[in-house]
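Participant: protein-v5.csv (CSV, C-alpha atoms) pasted underneath:
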```csv
chain,number,residue,atom,x,y,z
X,1,MET,CA,66.2,13.4,37.7
X,2,LYS,CA,65.3,15.8,34.9
X,3,HIS,CA,68.4,17.9,35.7
X,4,LEU,CA,70.7,14.9,35.8
X,5,SER,CA,69.3,13.7,32.4
X,6,ALA,CA,69.9,17.1,30.9
X,7,ILE,CA,73.5,17.2,32.3
X,8,LEU,CA,74.2,13.8,30.9
X,9,ILE,CA,72.8,14.6,27.4
X,10,PHE,CA,74.7,17.9,27.2
X,11,SER,CA,77.9,16.2,28.3
X,12,ILE,CA,77.5,13.7,25.5
X,13,ILE,CA,76.9,16.6,23.1
X,14,SER,CA,80.1,18.3,24.3
X,15,ILE,CA,82.1,15.2,23.7
X,16,LEU,CA,80.6,14.7,20.2
X,17,ASN,CA,81.2,18.2,19.3
X,18,CYS,CA,84.9,17.8,20.1
X,19,ALA,CA,85.0,15.0,17.6
X,20,GLY,CA,84.4,17.4,14.7
X,21,PRO,CA,81.7,18.6,12.4
X,22,LYS,CA,80.6,15.1,11.4
X,23,GLN,CA,78.8,14.9,14.7
X,24,ASP,CA,76.6,17.9,14.1
X,25,ASP,CA,73.4,16.0,13.0
X,26,LEU,CA,73.6,13.7,16.1
X,27,SER,CA,74.2,16.7,18.4
X,28,GLY,CA,71.1,18.4,17.0
X,29,LEU,CA,69.0,15.2,17.6
X,30,LEU,CA,70.2,15.0,21.2
X,31,LEU,CA,69.3,18.7,21.7
X,32,LEU,CA,65.8,17.9,20.4
X,33,LEU,CA,65.5,15.0,22.8
X,34,ALA,CA,66.6,17.2,25.6
X,35,GLY,CA,63.7,19.6,24.9
X,36,GLY,CA,65.7,22.0,22.9
X,37,GLY,CA,63.6,21.8,19.8
X,38,GLY,CA,62.0,25.2,20.2
X,39,PRO,CA,58.9,26.4,22.1
X,40,ASN,CA,56.4,24.4,20.0
X,41,SER,CA,58.3,21.1,19.9
X,42,PHE,CA,55.9,19.6,22.5
X,43,HIS,CA,52.2,19.5,22.7
X,44,CYS,CA,50.3,18.2,25.7
X,45,GLY,CA,48.2,15.0,25.4
X,46,GLN,CA,48.4,11.3,26.1
X,47,THR,CA,51.9,9.9,26.2
X,48,VAL,CA,50.9,6.2,26.1
X,49,ALA,CA,50.3,4.8,22.6
X,50,ASN,CA,47.0,3.5,21.5
X,51,PRO,CA,45.5,1.0,22.4
X,52,VAL,CA,46.2,1.8,26.0
X,53,SER,CA,46.1,-1.2,28.3
X,54,VAL,CA,44.1,-0.6,31.5
X,55,SER,CA,43.6,-2.7,34.6
X,56,PHE,CA,40.2,-1.3,35.5
X,57,ALA,CA,36.9,-3.0,34.4
X,58,VAL,CA,34.9,-1.0,31.9
X,59,SER,CA,32.5,-2.0,29.1
X,60,ASN,CA,30.5,-0.3,26.4
X,61,GLY,CA,28.6,2.7,27.6
X,62,ASN,CA,30.2,2.8,31.0
X,63,TYR,CA,31.3,6.0,32.6
X,64,VAL,CA,35.0,5.9,33.5
X,65,SER,CA,36.8,7.4,36.5
X,66,GLU,CA,38.6,10.7,35.6
X,67,SER,CA,41.7,9.7,37.7
X,68,ASN,CA,41.8,6.2,36.1
X,69,VAL,CA,41.7,7.5,32.5
X,70,LEU,CA,44.3,10.3,33.1
X,71,ALA,CA,46.7,8.0,34.9
X,72,ALA,CA,46.4,5.3,32.2
X,73,LEU,CA,47.2,7.9,29.4
X,74,GLY,CA,50.3,9.0,31.1
X,75,GLY,CA,49.0,11.9,33.3
X,76,ASP,CA,47.4,15.3,32.6
X,77,ASN,CA,50.3,17.3,31.2
X,78,CYS,CA,48.2,20.2,29.7
X,79,SER,CA,48.5,23.8,31.0
X,80,ALA,CA,45.4,25.8,31.9
X,81,PRO,CA,44.1,26.9,28.5
X,82,ASN,CA,44.4,30.5,27.4
X,83,LEU,CA,41.5,30.7,24.9
X,84,THR,CA,40.9,33.3,22.3
X,85,ASP,CA,37.7,33.2,20.1
X,86,ASN,CA,39.0,34.1,16.7
X,87,ASN,CA,35.5,35.0,15.5
X,88,ASN,CA,35.8,32.7,12.5
X,89,GLY,CA,34.7,29.4,13.9
X,90,THR,CA,38.0,28.6,15.6
X,91,VAL,CA,39.4,29.1,19.0
X,92,THR,CA,43.2,29.4,19.8
X,93,ASP,CA,44.7,28.0,23.0
X,94,SER,CA,48.0,29.9,23.2
X,95,ALA,CA,49.0,28.1,26.4
X,96,ASN,CA,49.0,24.7,24.8
X,97,LYS,CA,49.5,25.8,21.2
X,98,PHE,CA,46.2,24.4,19.8
X,99,ILE,CA,43.7,25.8,17.4
X,100,TRP,CA,40.2,24.2,17.8
X,101,THR,CA,37.1,24.1,15.7
X,102,LEU,CA,34.5,25.9,17.8
X,103,CYS,CA,31.5,24.4,16.0
X,104,VAL,CA,31.0,20.6,16.0
X,105,MET,CA,31.1,18.7,12.7
X,106,ASP,CA,28.0,18.6,10.6
X,107,GLY,CA,27.5,15.0,9.5
X,108,ASN,CA,25.8,16.1,6.3
X,109,THR,CA,28.7,18.2,5.1
X,110,ASN,CA,31.7,16.7,7.0
X,111,SER,CA,32.7,20.2,8.0
X,112,PRO,CA,32.1,22.4,11.1
X,113,HIS,CA,28.6,23.9,11.3
X,114,ASP,CA,28.6,27.4,10.0
X,115,PHE,CA,29.8,30.1,12.3
X,116,ILE,CA,27.3,33.0,12.6
X,117,SER,CA,28.5,36.1,14.6
X,118,SER,CA,29.4,34.6,18.0
X,119,ASN,CA,27.5,31.3,17.6
X,120,CYS,CA,27.4,28.1,15.6
X,121,GLU,CA,24.6,27.2,13.3
X,122,ALA,CA,21.8,25.2,15.0
X,123,PHE,CA,22.1,21.5,15.1
X,124,ASN,CA,20.2,19.8,12.3
X,125,GLY,CA,17.8,17.9,14.4
X,126,ASP,CA,18.4,14.7,12.4
X,127,GLY,CA,21.2,13.4,14.6
X,128,SER,CA,23.8,13.9,11.9
X,129,GLU,CA,26.2,15.6,14.4
X,130,ALA,CA,26.5,12.3,16.2
X,131,SER,CA,26.6,10.1,13.1
X,132,TYR,CA,30.4,9.5,13.4
X,133,ASP,CA,32.0,6.4,14.9
X,134,GLN,CA,35.5,6.9,16.2
X,135,SER,CA,37.2,6.0,12.9
X,136,ASP,CA,34.9,8.3,10.9
X,137,ALA,CA,35.7,11.1,13.4
X,138,SER,CA,39.4,10.6,12.9
X,139,THR,CA,39.0,10.6,9.1
X,140,VAL,CA,36.8,13.7,8.9
X,141,CYS,CA,39.3,15.7,10.9
X,142,SER,CA,42.3,14.5,8.9
X,143,ASN,CA,40.4,15.4,5.6
X,144,LEU,CA,39.3,18.8,6.8
X,145,THR,CA,40.5,22.0,5.3
X,146,PHE,CA,39.1,24.9,7.3
X,147,ALA,CA,40.1,28.5,8.4
X,148,GLY,CA,43.3,28.2,6.4
X,149,TYR,CA,44.5,24.9,7.9
X,150,SER,CA,44.6,21.4,6.4
X,151,ASN,CA,46.5,19.6,9.2
X,152,TRP,CA,43.5,19.0,11.5
X,153,ILE,CA,43.5,15.9,13.7
X,154,LEU,CA,41.1,14.3,16.1
X,155,PRO,CA,42.2,15.3,19.6
X,156,ASP,CA,43.0,12.8,22.3
X,157,ALA,CA,41.2,12.5,25.6
X,158,ILE,CA,43.7,14.6,27.6
X,159,GLN,CA,43.6,17.4,25.0
X,160,LEU,CA,39.8,17.4,25.1
X,161,HIS,CA,39.8,17.2,28.9
X,162,SER,CA,41.8,20.4,29.0
X,163,LEU,CA,38.6,22.3,27.8
X,164,ARG,CA,36.5,21.0,30.7
X,165,SER,CA,35.3,23.3,33.5
X,166,ALA,CA,34.2,22.3,36.9
X,167,SER,CA,31.2,24.6,36.8
X,168,SER,CA,28.3,25.2,34.4
X,169,PRO,CA,28.4,25.1,31.4
X,170,TYR,CA,31.3,22.6,32.2
X,171,VAL,CA,33.4,23.7,29.2
X,172,LEU,CA,35.6,26.7,28.9
X,173,GLY,CA,35.4,30.0,27.0
X,174,ALA,CA,33.6,30.2,23.8
X,175,PHE,CA,32.9,26.4,23.8
X,176,GLY,CA,30.4,27.1,26.6
X,177,THR,CA,29.0,30.5,25.6
X,178,ALA,CA,28.5,30.0,21.9
X,179,ASN,CA,25.2,28.3,21.0
X,180,ASN,CA,25.5,24.8,19.7
X,181,SER,CA,29.1,24.2,20.6
X,182,LEU,CA,30.5,21.6,23.1
X,183,GLY,CA,28.3,23.2,25.8
X,184,ALA,CA,25.3,22.0,23.9
X,185,SER,CA,26.5,18.6,22.7
X,186,GLN,CA,28.3,17.9,26.1
X,187,THR,CA,30.6,15.3,24.6
X,188,ALA,CA,33.1,14.6,21.8
X,189,TRP,CA,35.0,11.7,20.3
X,190,SER,CA,38.6,11.5,21.2
X,191,SER,CA,41.3,9.5,19.4
X,192,THR,CA,42.0,7.6,22.6
X,193,VAL,CA,41.5,3.8,22.5
X,194,ILE,CA,41.8,1.6,25.6
X,195,ASN,CA,42.2,-2.2,25.9
X,196,GLY,CA,40.1,-2.9,29.0
X,197,THR,CA,39.6,-6.1,30.9
X,198,VAL,CA,36.4,-6.7,29.0
X,199,GLU,CA,36.8,-5.2,25.5
X,200,THR,CA,38.5,-2.5,23.3
X,201,LEU,CA,36.8,0.9,23.7
X,202,GLY,CA,37.1,4.5,22.5
X,203,ILE,CA,37.0,7.3,25.1
X,204,THR,CA,34.6,10.3,24.9
X,205,PRO,CA,35.2,13.2,27.3
X,206,LEU,CA,32.1,14.7,28.8
X,207,TYR,CA,31.1,18.3,29.6
X,208,GLU,CA,28.5,17.8,32.3
X,209,ALA,CA,28.2,18.1,36.1
X,210,THR,CA,29.0,14.6,37.3
X,211,ASN,CA,30.8,12.4,34.7
X,212,VAL,CA,34.0,13.2,33.0
X,213,PHE,CA,34.7,10.3,30.6
X,214,ARG,CA,32.6,7.6,28.9
X,215,ALA,CA,33.7,4.5,27.0
X,216,TRP,CA,32.1,3.3,23.8
X,217,GLN,CA,32.9,0.6,21.3
X,218,PRO,CA,34.8,2.4,18.5
X,219,VAL,CA,32.0,1.5,15.9
X,220,THR,CA,29.4,3.2,18.0
X,221,THR,CA,27.4,6.0,16.4
X,222,GLY,CA,24.6,8.3,17.6
X,223,GLN,CA,26.2,9.1,21.0
X,224,THR,CA,28.8,11.8,20.6
X,225,THR,CA,30.0,14.7,18.4
X,226,VAL,CA,33.3,15.7,16.8
X,227,VAL,CA,35.6,18.7,17.1
X,228,CYS,CA,39.1,18.9,15.5
X,229,VAL,CA,42.3,20.5,16.5
X,230,VAL,CA,45.5,21.8,14.9
X,231,GLU,CA,48.8,21.8,16.7
X,232,TYR,CA,50.9,24.9,16.0
```
Can you turn what I pasted into structure tokens?
Facilitator:
Amino acid sequence: MKHLSAILIFSIISILNCAGPKQDDLSGLLLLLAGGGGPNSFHCGQTVANPVSVSFAVSNGNYVSESNVLAALGGDNCSAPNLTDNNNGTVTDSANKFIWTLCVMDGNTNSPHDFISSNCEAFNGDGSEASYDQSDASTVCSNLTFAGYSNWILPDAIQLHSLRSASSPYVLGAFGTANNSLGASQTAWSSTVINGTVETLGITPLYEATNVFRAWQPVTTGQTTVVCVVEY
């Protein structure tokens, strides 16, 4: 089916190009739709717009089936990450073209905890790392200027799920080996919102042995931390 679609699109482009130079802009658009927009024109993540309608029953604080969440969001389309610790508080995933904050956000400064050699500064002990609700988490990422980037966003549930490991510490690379990163918090807010059969909920991926996703009311605080991502 993909091959047939590509043949159809390029056939249209050929016809349009015969019509003369006035069709150049439309031809370029069709090339982009065909996947010809360059190597970084697509980033993995949920393909169903928020709020995502789901048929399974879930309410505030419930754990949610991994397969149910991934299917509802359009399927897991991320490649196996190829992670590089940049030794500056960020981690690059060259497979999926992401740059992540290694350290979770400090609720007192609204910036990632300080990066010290290979580790993140210790959690405050006052719960400020988990002081964000889902809207706050999105805002703090979008307002962040860090490591030379100002286009940070709150990742969706599929993007965060790509960092999960099936074995301890249940999160990949530096996120599991650096002190006080996701291996310590074991959870992070995503930008994903579902409309369940009971209520509207935000999704938090988990980095632990048994459970993979958990649902919280978007206004919930005190339960999860925040990391941000740049798409490049």
Participant: Residues at most 12 Å from X:Ser190, counting all atoms listed in the file, excluding those fewer than 6 positions away in the same chain, as a PyMOL selection string?
Facilitator: chain X and resi 45-46+50+132-138+141+153-161+201-206+213-216+218+224-229
Participant: Pick out the closest residue to X:Thr192 from this set: X:Gln223, X:Gln217, X:Thr210, X:Ser128. Count only C-alpha atoms.
Facilitator: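 Smallest distance to X:Thr192 is found for X:Gln217.
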Participant: Between X:Leu70, X:Ser94, X:Tyr207, X:Asn124, single out the one closest to X:Phe175, counting only C-alpha atoms.
Facilitator: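 Among X:Leu70, X:Ser94, X:Tyr207, X:Asn124, it is X:Tyr207 that comes nearest to X:Phe175.
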Participant: Between atom CA of X:Asn77 and atom CA of X:Phe146, what is the spacing in Å?
Facilitator: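 Pair atom CA of X:Phe146 / atom CA of X:Asn77 returns 27.5 Å.
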Participant: Kindly give the distance, in Å, that separates atom CA of X:Ala122 and atom CA of X:Met105, rounded to a single decimal.
Facilitator: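 Atom CA of X:Met105 lies 11.6 Å from atom CA of X:Ala122.
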Participant: Quick check, in Å to one decimal: how far apart do atom CA of X:Ser131 and atom CA of X:Val193 lie?
Facilitator: 18.7 Å
Participant: At a cut-off of 9 Å, using all atoms listed in the file, what residues contact X:Ser185? Leave out same-chain residues fewer than 2 positions from it and give the result as a PyMOL selection string.
Facilitator: chain X and resi 104+129+180-183+187-188+207+224-225
Participant: From the list X:Asn88, X:Ser55, X:Thr145, X:Ser118, which residue is nearest X:Gly173 when using only C-alpha atoms?
Facilitator: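 That would be X:Ser118, the residue with the smallest distance to X:Gly173.
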Participant: Tell me which of X:Asn87, X:Asn195, X:Ser150, X:Thr47 sits closest to X:Gly75, counting only C-alpha atoms.
Facilitator: X:Thr47
Participant: Select, from X:Cys103, X:Val69, X:Val54, X:Cys78, the residue with the minimum atom-to-atom distance to X:Ser162, counting all atoms listed in the file.
Facilitator: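 Closest residue, counting all atoms listed in the file: X:Cys78.
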Participant: Please list as a ChimeraX atom specification every residue within 10 Å of X:Ser79, counting only C-alpha atoms and excluding residues in the same chain fewer than 3 positions away.
Facilitator: /X:44,76,82,93-96,162
Participant: Give the answer as one residue: which of X:Gly196, X:Gly176, X:Gly148, X:Gly61 has the shortest atom-to-atom distance to X:Leu102, using only C-alpha atoms?
Facilitator: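 Once distances to X:Leu102 are computed over only C-alpha atoms, the minimum belongs to X:Gly176.
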Participant: Once you count all atoms listed in the file, which residues end up no further than 10 Å from (34.6, 32.2, 17.1) in the file's frame, shown as a list in words?
Facilitator: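 In the file's frame, the residues around the point are Thr84, Asp85, Asn86, Asn87, Asn88, Gly89, Thr90, Val91, Thr92, Trp100, Thr101, Leu102, Cys103, Phe115, Ile116, Ser117, Ser118, Asn119, Cys120, Ala174, Phe175 and Ala178 of chain X.
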Participant: Can I get the selected residues back with C-alpha atoms, as a short mmCIF file (atom, residue, chain, number, x, y, z; two decimals), keeping the file's coordinate frame?
Facilitator:
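File part_22.cif, as written:
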```cif
data_model
loop_
_atom_site.label_atom_id
_atom_site.label_comp_id
_atom_site.auth_asym_id
_atom_site.auth_seq_id
_atom_site.Cartn_x
_atom_site.Cartn_y
_atom_site.Cartn_z
CA THR X 84 40.90 33.30 22.30
CA ASP X 85 37.70 33.20 20.10
CA ASN X 86 39.00 34.10 16.70
CA ASN X 87 35.50 35.00 15.50
CA ASN X 88 35.80 32.70 12.50
CA GLY X 89 34.70 29.40 13.90
CA THR X 90 38.00 28.60 15.60
CA VAL X 91 39.40 29.10 19.00
CA THR X 92 43.20 29.40 19.80
CA TRP X 100 40.20 24.20 17.80
CA THR X 101 37.10 24.10 15.70
CA LEU X 102 34.50 25.90 17.80
CA CYS X 103 31.50 24.40 16.00
CA PHE X 115 29.80 30.10 12.30
CA ILE X 116 27.30 33.00 12.60
CA SER X 117 28.50 36.10 14.60
CA SER X 118 29.40 34.60 18.00
CA ASN X 119 27.50 31.30 17.60
CA CYS X 120 27.40 28.10 15.60
CA ALA X 174 33.60 30.20 23.80
CA PHE X 175 32.90 26.40 23.80
CA ALA X 178 28.50 30.00 21.90
#
```
